[in-house]
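Colleague: Provided below: protein27.cif, containing mmCIF, C-alpha atoms.
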```cif
data_my_file
loop_
_atom_site.label_atom_id
_atom_site.label_comp_id
_atom_site.auth_asym_id
_atom_site.auth_seq_id
_atom_site.Cartn_x
_atom_site.Cartn_y
_atom_site.Cartn_z
CA ILE P 1 -94.10 -13.19 -15.49
CA MET P 2 -91.70 -11.15 -17.55
CA PRO P 3 -88.00 -12.03 -17.08
CA LYS P 4 -85.78 -9.21 -15.87
CA VAL P 5 -82.19 -8.43 -16.87
CA LEU P 6 -79.57 -6.13 -15.32
CA ILE P 7 -76.96 -4.49 -17.55
CA SER P 8 -74.25 -3.44 -15.08
CA ASP P 9 -71.57 -2.09 -17.42
CA SER P 10 -71.77 0.61 -20.07
CA MET P 11 -72.24 -0.87 -23.53
CA SER P 12 -74.02 -0.15 -26.80
CA ASN P 13 -77.73 0.55 -26.21
CA VAL P 14 -78.50 -2.04 -28.89
CA ALA P 15 -78.49 -4.63 -26.04
CA GLN P 16 -81.22 -2.78 -24.14
CA LYS P 17 -83.31 -2.44 -27.32
CA ILE P 18 -83.08 -6.18 -28.05
CA PHE P 19 -84.35 -7.05 -24.55
CA GLU P 20 -87.20 -4.54 -24.78
CA LYS P 21 -88.23 -5.79 -28.22
CA ASN P 22 -88.51 -9.30 -26.75
CA ASN P 23 -90.59 -8.15 -23.76
CA ILE P 24 -87.81 -8.67 -21.27
CA ALA P 25 -87.60 -6.01 -18.58
CA VAL P 26 -84.17 -4.40 -18.47
CA ASP P 27 -82.40 -2.05 -16.07
CA VAL P 28 -79.14 -0.32 -16.94
CA LYS P 29 -77.24 0.46 -13.74
CA THR P 30 -73.52 1.01 -14.23
CA GLY P 31 -70.72 1.77 -11.81
CA LEU P 32 -72.31 -0.04 -8.87
CA SER P 33 -70.18 -1.41 -6.02
CA GLU P 34 -70.29 -5.08 -5.07
CA ASP P 35 -72.58 -4.27 -2.12
CA GLU P 36 -74.95 -2.26 -4.29
CA ILE P 37 -75.23 -5.15 -6.76
CA ILE P 38 -75.80 -7.65 -3.91
CA LYS P 39 -78.76 -5.54 -2.73
CA ILE P 40 -80.58 -5.56 -6.08
CA ILE P 41 -79.43 -8.78 -7.79
CA PRO P 42 -82.13 -11.06 -6.25
CA GLU P 43 -84.76 -9.53 -8.54
CA TYR P 44 -82.97 -10.40 -11.82
CA ASP P 45 -83.05 -13.48 -14.06
CA GLY P 46 -80.14 -12.35 -16.24
CA MET P 47 -77.09 -10.13 -15.95
CA VAL P 48 -74.92 -8.55 -18.66
CA VAL P 49 -71.38 -7.34 -17.97
CA ARG P 50 -68.33 -6.17 -19.85
CA SER P 51 -65.07 -6.11 -17.89
CA ALA P 52 -65.68 -3.50 -15.17
CA THR P 53 -68.17 -5.50 -13.09
CA LYS P 54 -66.61 -8.29 -11.06
CA VAL P 55 -69.24 -11.00 -10.66
CA THR P 56 -67.98 -12.35 -7.35
CA LYS P 57 -68.93 -15.34 -5.20
CA ASN P 58 -70.90 -12.98 -2.92
CA ILE P 59 -72.94 -11.59 -5.80
CA ILE P 60 -73.67 -15.06 -7.15
CA GLU P 61 -74.77 -16.30 -3.71
CA ALA P 62 -77.13 -13.33 -3.36
CA ALA P 63 -78.59 -13.82 -6.85
CA LYS P 64 -81.50 -16.07 -5.93
CA ASN P 65 -83.21 -15.89 -9.34
CA LEU P 66 -80.24 -15.47 -11.63
CA LYS P 67 -80.18 -18.00 -14.46
CA VAL P 68 -77.65 -16.51 -16.88
CA ILE P 69 -74.63 -14.19 -16.82
CA GLY P 70 -73.57 -12.80 -20.20
CA ARG P 71 -70.20 -11.24 -20.93
CA ALA P 72 -70.03 -8.84 -23.88
CA GLY P 73 -66.54 -9.95 -24.89
CA ALA P 74 -64.47 -13.11 -24.81
CA GLY P 75 -62.55 -13.37 -21.52
CA VAL P 76 -64.60 -14.30 -18.46
CA ASP P 77 -61.96 -13.81 -15.77
CA ASN P 78 -64.13 -11.15 -14.08
CA ILE P 79 -66.80 -13.80 -13.40
CA ASP P 80 -66.51 -16.51 -10.73
CA VAL P 81 -67.41 -19.25 -13.23
CA PRO P 82 -67.00 -22.29 -10.90
CA MET P 83 -69.34 -20.67 -8.36
CA ALA P 84 -71.87 -19.82 -11.07
CA LYS P 85 -71.83 -23.42 -12.29
CA GLU P 86 -72.33 -24.66 -8.75
CA LYS P 87 -75.49 -22.55 -8.58
CA ASN P 88 -76.61 -23.86 -12.00
CA MET P 89 -76.20 -20.49 -13.68
CA ILE P 90 -75.20 -20.39 -17.32
CA VAL P 91 -72.20 -18.17 -18.18
CA MET P 92 -72.03 -16.98 -21.80
CA ASN P 93 -69.51 -14.93 -23.73
CA THR P 94 -69.31 -13.58 -27.29
CA PRO P 95 -66.30 -15.24 -28.90
CA GLY P 96 -65.24 -13.69 -32.17
CA GLY P 97 -67.33 -10.56 -31.62
CA ASN P 98 -64.29 -8.37 -31.08
CA ALA P 99 -61.64 -10.62 -32.63
CA ASN P 100 -61.01 -8.34 -35.60
CA ALA P 101 -60.75 -5.24 -33.40
CA THR P 102 -58.23 -6.98 -31.13
CA ALA P 103 -56.16 -8.35 -34.02
CA GLU P 104 -56.05 -4.93 -35.70
CA HIS P 105 -54.89 -3.32 -32.45
CA ALA P 106 -52.14 -5.92 -32.04
CA PHE P 107 -51.11 -5.12 -35.60
CA ALA P 108 -51.14 -1.37 -34.84
CA LEU P 109 -48.89 -2.02 -31.85
CA ILE P 110 -46.48 -4.02 -34.03
CA MET P 111 -46.19 -1.20 -36.57
CA SER P 112 -45.88 1.43 -33.80
CA LEU P 113 -42.94 -0.48 -32.34
CA LEU P 114 -41.21 -1.11 -35.66
CA ARG P 115 -41.48 2.50 -36.81
CA ARG P 116 -41.26 4.12 -33.34
CA VAL P 117 -44.45 6.06 -34.01
CA PRO P 118 -45.17 7.28 -30.44
CA PHE P 119 -41.63 8.63 -29.96
CA ALA P 120 -41.58 10.18 -33.43
CA ASN P 121 -44.95 11.82 -32.83
CA GLU P 122 -44.12 13.15 -29.37
CA THR P 123 -40.77 14.65 -30.36
CA THR P 124 -42.04 16.15 -33.62
CA HIS P 125 -44.87 17.89 -31.76
CA LYS P 126 -42.16 19.48 -29.59
CA GLY P 127 -40.27 20.73 -32.66
CA GLN P 128 -37.38 18.36 -32.00
CA TRP P 129 -37.00 16.89 -35.52
CA GLU P 130 -35.41 13.57 -34.49
CA LYS P 131 -35.09 12.36 -38.10
CA LYS P 132 -31.46 11.29 -37.70
CA ASN P 133 -32.21 9.31 -34.52
CA ILE P 134 -35.18 7.33 -35.76
CA LYS P 135 -34.47 4.35 -37.92
CA GLY P 136 -37.35 1.92 -38.22
CA ARG P 137 -37.56 -1.72 -39.18
CA GLU P 138 -39.68 -3.35 -41.88
CA LEU P 139 -42.25 -6.02 -41.22
CA SER P 140 -41.74 -7.59 -44.63
CA LYS P 141 -39.74 -10.89 -44.66
CA LYS P 142 -39.78 -11.15 -40.85
CA THR P 143 -41.04 -14.04 -38.74
CA ILE P 144 -44.03 -13.55 -36.47
CA GLY P 145 -44.86 -15.98 -33.68
CA ILE P 146 -48.51 -16.15 -32.65
CA VAL P 147 -49.08 -17.85 -29.29
CA GLY P 148 -52.63 -19.23 -29.19
CA PHE P 149 -54.65 -19.64 -32.36
CA GLY P 150 -58.25 -18.79 -31.51
CA ASN P 151 -60.34 -16.13 -33.26
CA VAL P 152 -57.82 -13.33 -32.66
CA GLY P 153 -54.68 -15.29 -33.54
CA VAL P 154 -56.28 -16.54 -36.75
CA ARG P 155 -57.34 -13.02 -37.72
CA LEU P 156 -53.86 -11.59 -37.04
CA SER P 157 -52.31 -14.35 -39.18
CA ASN P 158 -54.56 -13.25 -42.05
CA LEU P 159 -53.74 -9.56 -41.56
CA VAL P 160 -49.98 -10.12 -41.85
CA LYS P 161 -50.20 -12.45 -44.86
CA GLY P 162 -49.71 -9.54 -47.23
CA PHE P 163 -46.35 -8.69 -45.65
CA ASP P 164 -44.64 -11.82 -46.92
CA MET P 165 -43.92 -13.05 -43.41
CA GLU P 166 -43.17 -16.46 -42.03
CA ILE P 167 -45.98 -17.16 -39.55
CA LEU P 168 -45.24 -19.54 -36.67
CA VAL P 169 -48.01 -20.62 -34.32
CA ASN P 170 -47.94 -22.35 -30.96
CA SER P 171 -51.34 -23.91 -30.36
CA LYS P 172 -52.63 -27.21 -29.04
CA SER P 173 -55.79 -27.05 -31.11
CA LEU P 174 -54.13 -26.19 -34.44
CA GLU P 175 -53.13 -29.77 -35.33
CA SER P 176 -56.73 -30.80 -35.93
CA ARG P 177 -57.45 -27.73 -38.10
CA LYS P 178 -54.12 -27.45 -39.95
CA LYS P 179 -55.54 -27.94 -43.42
CA ASP P 180 -57.61 -24.73 -43.03
CA TYR P 181 -54.48 -22.65 -42.40
CA PRO P 182 -51.79 -23.57 -44.94
CA HIS P 183 -50.11 -20.17 -44.40
CA VAL P 184 -48.97 -20.96 -40.83
CA LYS P 185 -46.60 -23.47 -39.26
CA ASN P 186 -47.30 -25.08 -35.87
CA VAL P 187 -44.16 -25.22 -33.69
CA ASN P 188 -43.36 -25.74 -30.02
CA PHE P 189 -43.03 -22.74 -27.70
CA ASP P 190 -39.23 -22.75 -27.52
CA GLU P 191 -38.87 -22.82 -31.30
CA LEU P 192 -41.41 -20.01 -31.67
CA ILE P 193 -39.68 -17.67 -29.24
CA SER P 194 -36.18 -18.37 -30.57
CA LYS P 195 -37.04 -17.88 -34.26
CA SER P 196 -39.60 -15.06 -34.14
CA ASP P 197 -38.86 -11.37 -34.71
CA ILE P 198 -42.26 -10.50 -33.25
CA ILE P 199 -44.04 -12.60 -30.62
CA SER P 200 -47.72 -11.85 -30.09
CA PHE P 201 -49.84 -13.48 -27.38
CA HIS P 202 -53.43 -14.43 -28.17
CA CYS P 203 -54.06 -17.18 -25.66
CA LYS P 204 -55.70 -17.61 -22.27
CA ALA P 205 -53.68 -17.06 -19.12
CA SER P 206 -52.43 -20.29 -17.57
CA LYS P 207 -54.71 -21.87 -14.94
CA ASP P 208 -52.14 -21.48 -12.14
CA GLY P 209 -51.65 -17.80 -13.01
CA LYS P 210 -47.95 -18.32 -13.80
CA PRO P 211 -46.58 -16.19 -16.63
CA LEU P 212 -45.94 -17.98 -19.93
CA LEU P 213 -42.64 -16.15 -20.35
CA ASN P 214 -39.97 -16.43 -17.68
CA LYS P 215 -36.39 -15.19 -17.33
CA GLU P 216 -34.91 -18.23 -19.08
CA HIS P 217 -37.05 -17.67 -22.17
CA TYR P 218 -35.64 -14.19 -22.83
CA LYS P 219 -32.13 -15.62 -23.21
CA LYS P 220 -33.38 -17.76 -26.11
CA MET P 221 -34.92 -14.82 -27.97
CA LYS P 222 -33.34 -12.69 -30.66
CA PRO P 223 -31.99 -9.42 -29.21
CA THR P 224 -33.86 -7.71 -32.07
CA SER P 225 -37.23 -9.25 -31.15
CA TYR P 226 -40.40 -7.58 -29.92
CA ILE P 227 -43.19 -8.82 -27.64
CA ILE P 228 -46.87 -7.88 -28.02
CA ASN P 229 -49.48 -8.69 -25.40
CA ALA P 230 -53.09 -7.74 -26.06
CA ALA P 231 -54.51 -10.85 -24.38
CA ARG P 232 -54.28 -10.99 -20.58
CA GLY P 233 -51.99 -9.10 -18.22
CA ASN P 234 -50.46 -11.98 -16.29
CA ILE P 235 -49.25 -13.82 -19.41
CA VAL P 236 -46.06 -11.73 -19.45
CA ASP P 237 -44.43 -10.97 -16.09
CA GLU P 238 -43.84 -7.21 -16.05
CA LYS P 239 -40.74 -7.22 -13.84
CA ASP P 240 -39.04 -9.93 -15.95
CA LEU P 241 -39.95 -8.03 -19.12
CA ASN P 242 -38.56 -4.81 -17.71
CA ASP P 243 -35.29 -6.56 -16.79
CA ALA P 244 -35.04 -8.21 -20.23
CA LEU P 245 -35.48 -4.83 -21.94
CA ASN P 246 -32.96 -3.11 -19.68
CA GLU P 247 -30.44 -5.90 -20.28
CA ASN P 248 -31.01 -5.67 -24.06
CA LEU P 249 -32.14 -9.31 -24.28
CA ILE P 250 -34.98 -8.09 -26.54
CA SER P 251 -35.63 -4.83 -28.41
CA GLY P 252 -39.03 -3.69 -27.29
CA ALA P 253 -42.55 -4.52 -26.22
CA ALA P 254 -46.11 -3.27 -26.51
CA LEU P 255 -48.78 -4.07 -23.93
CA ASP P 256 -52.49 -3.42 -23.89
CA VAL P 257 -53.08 -5.44 -20.70
CA PHE P 258 -51.59 -5.35 -17.21
CA SER P 259 -51.28 -7.54 -14.13
CA LYS P 260 -53.34 -4.98 -12.23
CA GLU P 261 -56.01 -2.94 -13.98
CA PRO P 262 -56.67 -0.08 -14.07
CA ALA P 263 -52.89 0.35 -14.15
CA LYS P 264 -52.21 3.46 -12.07
CA GLU P 265 -48.61 2.49 -11.42
CA ASN P 266 -46.43 -0.11 -13.08
CA ILE P 267 -42.75 -1.03 -13.26
CA LEU P 268 -42.88 -0.54 -17.04
CA PHE P 269 -44.06 3.07 -16.86
CA ASN P 270 -41.50 5.39 -18.46
CA ASN P 271 -39.45 2.58 -19.97
CA PRO P 272 -38.73 4.08 -23.43
CA LYS P 273 -38.71 0.66 -25.08
CA VAL P 274 -42.33 -0.07 -24.22
CA ILE P 275 -45.54 1.14 -25.83
CA LEU P 276 -48.53 0.97 -23.48
CA THR P 277 -52.26 1.28 -24.20
CA PRO P 278 -55.08 1.03 -21.59
CA HIS P 279 -56.81 -2.27 -22.52
CA ILE P 280 -58.41 -0.81 -25.66
CA ALA P 281 -57.76 -3.61 -28.19
CA ALA P 282 -61.44 -4.57 -28.30
CA SER P 283 -62.67 -0.98 -28.02
CA THR P 284 -63.93 -0.03 -31.46
CA SER P 285 -67.33 1.38 -32.31
CA GLU P 286 -67.94 -1.62 -34.56
CA ALA P 287 -66.98 -4.30 -32.01
CA SER P 288 -68.94 -2.69 -29.18
CA ILE P 289 -72.13 -2.98 -31.23
CA VAL P 290 -71.40 -6.57 -32.30
CA VAL P 291 -70.70 -7.89 -28.78
CA ALA P 292 -73.69 -6.10 -27.22
CA GLU P 293 -75.94 -7.50 -29.94
CA MET P 294 -74.52 -11.03 -29.59
CA VAL P 295 -74.81 -11.19 -25.82
CA ALA P 296 -78.34 -9.77 -25.76
CA ASN P 297 -79.61 -12.16 -28.45
CA GLN P 298 -78.02 -15.13 -26.69
CA ILE P 299 -79.60 -14.24 -23.34
CA VAL P 300 -83.00 -13.64 -24.93
CA ASP P 301 -82.79 -17.01 -26.65
CA TYR P 302 -81.88 -18.70 -23.39
CA LEU P 303 -84.48 -17.01 -21.16
CA LEU P 304 -87.31 -17.43 -23.68
CA ASN P 305 -86.40 -20.69 -25.45
CA GLY P 306 -83.80 -22.40 -23.24
CA VAL P 307 -81.21 -22.27 -26.05
CA LYS P 308 -77.62 -22.38 -24.78
CA LYS P 309 -75.11 -20.65 -27.03
CA ASN P 310 -71.46 -19.77 -26.41
CA THR P 311 -71.60 -21.09 -22.87
CA VAL P 312 -68.31 -21.18 -21.01
#
```
Could you render the structure as structure tokens?
Modeller:
Amino acid sequence: IMPKVLISDSMSNVAQKIFEKNNIAVDVKTGLSEDEIIKIIPEYDGMVVRSATKVTKNIIEAAKNLKVIGRAGAGVDNIDVPMAKEKNMIVMNTPGGNANATAEHAFALIMSLLRRVPFANETTHKGQWEKKNIKGRELSKKTIGIVGFGNVGVRLSNLVKGFDMEILVNSKSLESRKKDYPHVKNVNFDELISKSDIISFHCKASKDGKPLLNKEHYKKMKPTSYIINAARGNIVDEKDLNDALNENLISGAALDVFSKEPAKENILFNNPKVILTPHIAASTSEASIVVAEMVANQIVDYLLNGVKKNTV
């Protein structure tokens, strides 16, 4: 019998077309509650999600026929992976599929901070001509610290090469690949935060959920430094960041991710030193097609040929 796949989040229709072309039945049902998914999930062999659907323990227990869960994107923190493994389900992601989009957004956030683009734009629209009050900073000759050196960190390091920057990296896996990246220097975390003018996070959140930056760290940073987080919300504690900004321990920050999403309220709201975007780093028309295509092809290959690719 024909395998059946549920796409439970909105994504490029290229995924649906790939399943249909391979004679796999596919239903697109987005915006369902946990209970609604539990009701229908027993009839599916595969499931495709982005970040809206939380694939919980209850869903996995109800999914009697589910063999594979595919995430169109890199992070799988919306999927109960240990539970899935216990039930012998394969969990796949699409690493690299939106790495360029995410790196470019991090770069856009850096430039927006350095040149105060949001403030300049907002005030100019109001006819306020704040020319005298806006003095930017240049990226050229500065030091950037990239925490985590996976697909996104590597891409960002290549994007900033043309700015004549010193590029520091804090990564456990870099040592073994150092010869491929002669333009970066691997340092420990304390050295990275104390020397960098810009610190950008491109790593996984820690297993225990503790933030990677705590109050003590801010005292070691340059008062002129900026923090960028387009990785995961709990990497940077929002209250500590807010305090550090208000005490002038650092100059500014830009966040695309939050401890609680969707962020309807947050301690950082209305802090003039922070630029906030609603988890859109991976949201480009190009990346959405790439990740949908990747995840669909991987699931097809697994359901039809037993090939395991990009399993978590």
Colleague: Need the shell around P:Met92: protein/DNA/RNA residues with any atom at most 12 Å away, counting all atoms listed in the file. Skip same-chain ones fewer than 4 positions apart. Format as a ChimeraX atom specification?
Modeller: /P:46-50,67-76,79,81,84-85,291,294-302,307-312
Colleague: Using only C-alpha atoms, find the one residue out of P:Met165, P:Glu286, P:Asn214, P:Ile228 that sits nearest to P:Ala108.
Modeller: P:Ile228
Colleague: Can you list, as a PyMOL selection string, every protein, DNA or RNA residue that comes within 8 Å of P:Gly150 when you count only C-alpha atoms, leaving out same-chain residues fewer than 3 positions away?
Modeller: chain P and resi 153-154+202-203
Colleague: Rounded to one decimal place, report the atom CA of P:Ser251-atom CA of P:Ile235 distance in Å.
Modeller: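 Between atom CA of P:Ser251 and atom CA of P:Ile235 the gap is 18.6 Å.
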Colleague: Counting all atoms listed in the file, select every polymer residue within 10 Å of (-65.9, -14.4, -35.3) as defined in the file's coordinates, and provide the selection as a VMD selection string.
Modeller: chain P and resid 94 to 100 150 to 152 154 to 155
Colleague: Taking the file as shown, find all residues satisfying the PyMOL selection byres ((chain P and resi 44) around 12) and write them as a VMD selection string.
Modeller: chain P and resid 2 to 8 24 to 28 37 to 43 45 to 48 59 to 60 62 to 69 303
Colleague: Quick check on the file I pasted: which residues fall under the PyMOL selection byres ((chain P and resi 261-268) around 8)? Write them as a list in words.
Modeller: Glu238, Lys239, Asn242, Val257, Phe258, Ser259, Lys260, Phe269, Asn270, Asn271, Val274 and Pro278 of chain P
Colleague: Generate a file of the selected residues that holds C-alpha atoms, formatted as an mmCIF file, in the coordinates of the input.
Modeller:
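Contents of out.cif, as written:
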```cif
data_model
loop_
_atom_site.group_PDB
_atom_site.id
_atom_site.type_symbol
_atom_site.label_atom_id
_atom_site.label_comp_id
_atom_site.auth_asym_id
_atom_site.auth_seq_id
_atom_site.Cartn_x
_atom_site.Cartn_y
_atom_site.Cartn_z
ATOM 1 C CA GLU P 238 -43.840 -7.210 -16.050
ATOM 2 C CA LYS P 239 -40.740 -7.220 -13.840
ATOM 3 C CA ASN P 242 -38.560 -4.810 -17.710
ATOM 4 C CA VAL P 257 -53.080 -5.440 -20.700
ATOM 5 C CA PHE P 258 -51.590 -5.350 -17.210
ATOM 6 C CA SER P 259 -51.280 -7.540 -14.130
ATOM 7 C CA LYS P 260 -53.340 -4.980 -12.230
ATOM 8 C CA PHE P 269 -44.060 3.070 -16.860
ATOM 9 C CA ASN P 270 -41.500 5.390 -18.460
ATOM 10 C CA ASN P 271 -39.450 2.580 -19.970
ATOM 11 C CA VAL P 274 -42.330 -0.070 -24.220
ATOM 12 C CA PRO P 278 -55.080 1.030 -21.590
#
```
Colleague: Considering all atoms listed in the file, state which residue in the set P:Asn121, P:Thr102, P:Asn133, P:Asn248 is at the smallest distance from P:Ser200.
Modeller: P:Thr102
Colleague: Missing atoms in stretch 38-48 of chain P: can you complete it with all heavy atoms, as a compact mmCIF listing (two decimals), keeping the file's coordinate frame?
Modeller:
```txt
# COMPACT_ATOMS: atom_id res chain seq x y z
N ILE P 38 -75.24 -6.61 -4.80
CA ILE P 38 -75.80 -7.65 -3.91
C ILE P 38 -77.22 -7.28 -3.46
O ILE P 38 -78.11 -8.12 -3.41
CB ILE P 38 -74.86 -7.89 -2.70
CG1 ILE P 38 -73.62 -8.66 -3.18
CG2 ILE P 38 -75.56 -8.65 -1.59
CD1 ILE P 38 -72.50 -8.77 -2.17
N LYS P 39 -77.43 -5.99 -3.18
CA LYS P 39 -78.76 -5.54 -2.73
C LYS P 39 -79.85 -5.77 -3.78
O LYS P 39 -80.97 -6.13 -3.45
CB LYS P 39 -78.72 -4.04 -2.38
CG LYS P 39 -78.19 -3.74 -1.00
CD LYS P 39 -78.64 -2.35 -0.54
CE LYS P 39 -77.92 -1.95 0.74
NZ LYS P 39 -76.53 -1.46 0.47
N ILE P 40 -79.52 -5.52 -5.06
CA ILE P 40 -80.58 -5.56 -6.08
C ILE P 40 -80.62 -6.84 -6.90
O ILE P 40 -81.64 -7.16 -7.52
CB ILE P 40 -80.46 -4.35 -7.05
CG1 ILE P 40 -79.11 -4.37 -7.79
CG2 ILE P 40 -80.68 -3.04 -6.29
CD1 ILE P 40 -79.05 -3.38 -8.95
N ILE P 41 -79.52 -7.63 -6.88
CA ILE P 41 -79.43 -8.78 -7.79
C ILE P 41 -80.52 -9.84 -7.60
O ILE P 41 -80.88 -10.52 -8.57
CB ILE P 41 -78.00 -9.40 -7.78
CG1 ILE P 41 -77.72 -10.22 -9.04
CG2 ILE P 41 -77.76 -10.23 -6.54
CD1 ILE P 41 -77.66 -9.46 -10.32
N PRO P 42 -81.10 -10.01 -6.39
CA PRO P 42 -82.13 -11.06 -6.25
C PRO P 42 -83.33 -10.91 -7.20
O PRO P 42 -84.00 -11.89 -7.49
CB PRO P 42 -82.58 -10.92 -4.79
CG PRO P 42 -81.40 -10.32 -4.09
CD PRO P 42 -80.77 -9.40 -5.09
N GLU P 43 -83.58 -9.71 -7.69
CA GLU P 43 -84.76 -9.53 -8.54
C GLU P 43 -84.52 -9.84 -10.03
O GLU P 43 -85.43 -9.73 -10.84
CB GLU P 43 -85.34 -8.12 -8.37
CG GLU P 43 -84.33 -7.02 -8.59
CD GLU P 43 -84.88 -5.61 -8.29
OE1 GLU P 43 -85.60 -5.08 -9.15
OE2 GLU P 43 -84.57 -5.07 -7.19
N TYR P 44 -83.27 -10.22 -10.39
CA TYR P 44 -82.97 -10.40 -11.82
C TYR P 44 -82.79 -11.86 -12.23
O TYR P 44 -82.27 -12.68 -11.48
CB TYR P 44 -81.70 -9.62 -12.20
CG TYR P 44 -81.90 -8.13 -12.07
CD1 TYR P 44 -81.44 -7.45 -10.93
CD2 TYR P 44 -82.56 -7.41 -13.06
CE1 TYR P 44 -81.63 -6.08 -10.80
CE2 TYR P 44 -82.76 -6.03 -12.93
CZ TYR P 44 -82.29 -5.38 -11.80
OH TYR P 44 -82.50 -4.04 -11.67
N ASP P 45 -83.22 -12.15 -13.46
CA ASP P 45 -83.05 -13.48 -14.06
C ASP P 45 -81.77 -13.55 -14.89
O ASP P 45 -81.23 -14.62 -15.12
CB ASP P 45 -84.23 -13.79 -15.00
CG ASP P 45 -85.55 -13.72 -14.27
OD1 ASP P 45 -85.89 -14.72 -13.62
OD2 ASP P 45 -86.24 -12.67 -14.35
N GLY P 46 -81.33 -12.39 -15.40
CA GLY P 46 -80.14 -12.35 -16.24
C GLY P 46 -79.30 -11.13 -15.91
O GLY P 46 -79.80 -10.14 -15.38
N MET P 47 -78.02 -11.23 -16.22
CA MET P 47 -77.09 -10.13 -15.95
C MET P 47 -76.12 -10.01 -17.12
O MET P 47 -75.62 -11.02 -17.62
CB MET P 47 -76.33 -10.43 -14.66
CG MET P 47 -75.35 -9.36 -14.23
SD MET P 47 -74.60 -9.84 -12.65
CE MET P 47 -73.76 -8.31 -12.24
N VAL P 48 -75.86 -8.78 -17.56
CA VAL P 48 -74.92 -8.55 -18.66
C VAL P 48 -73.78 -7.67 -18.17
O VAL P 48 -74.03 -6.60 -17.60
CB VAL P 48 -75.61 -7.86 -19.87
CG1 VAL P 48 -74.68 -7.86 -21.07
CG2 VAL P 48 -76.91 -8.56 -20.22
```
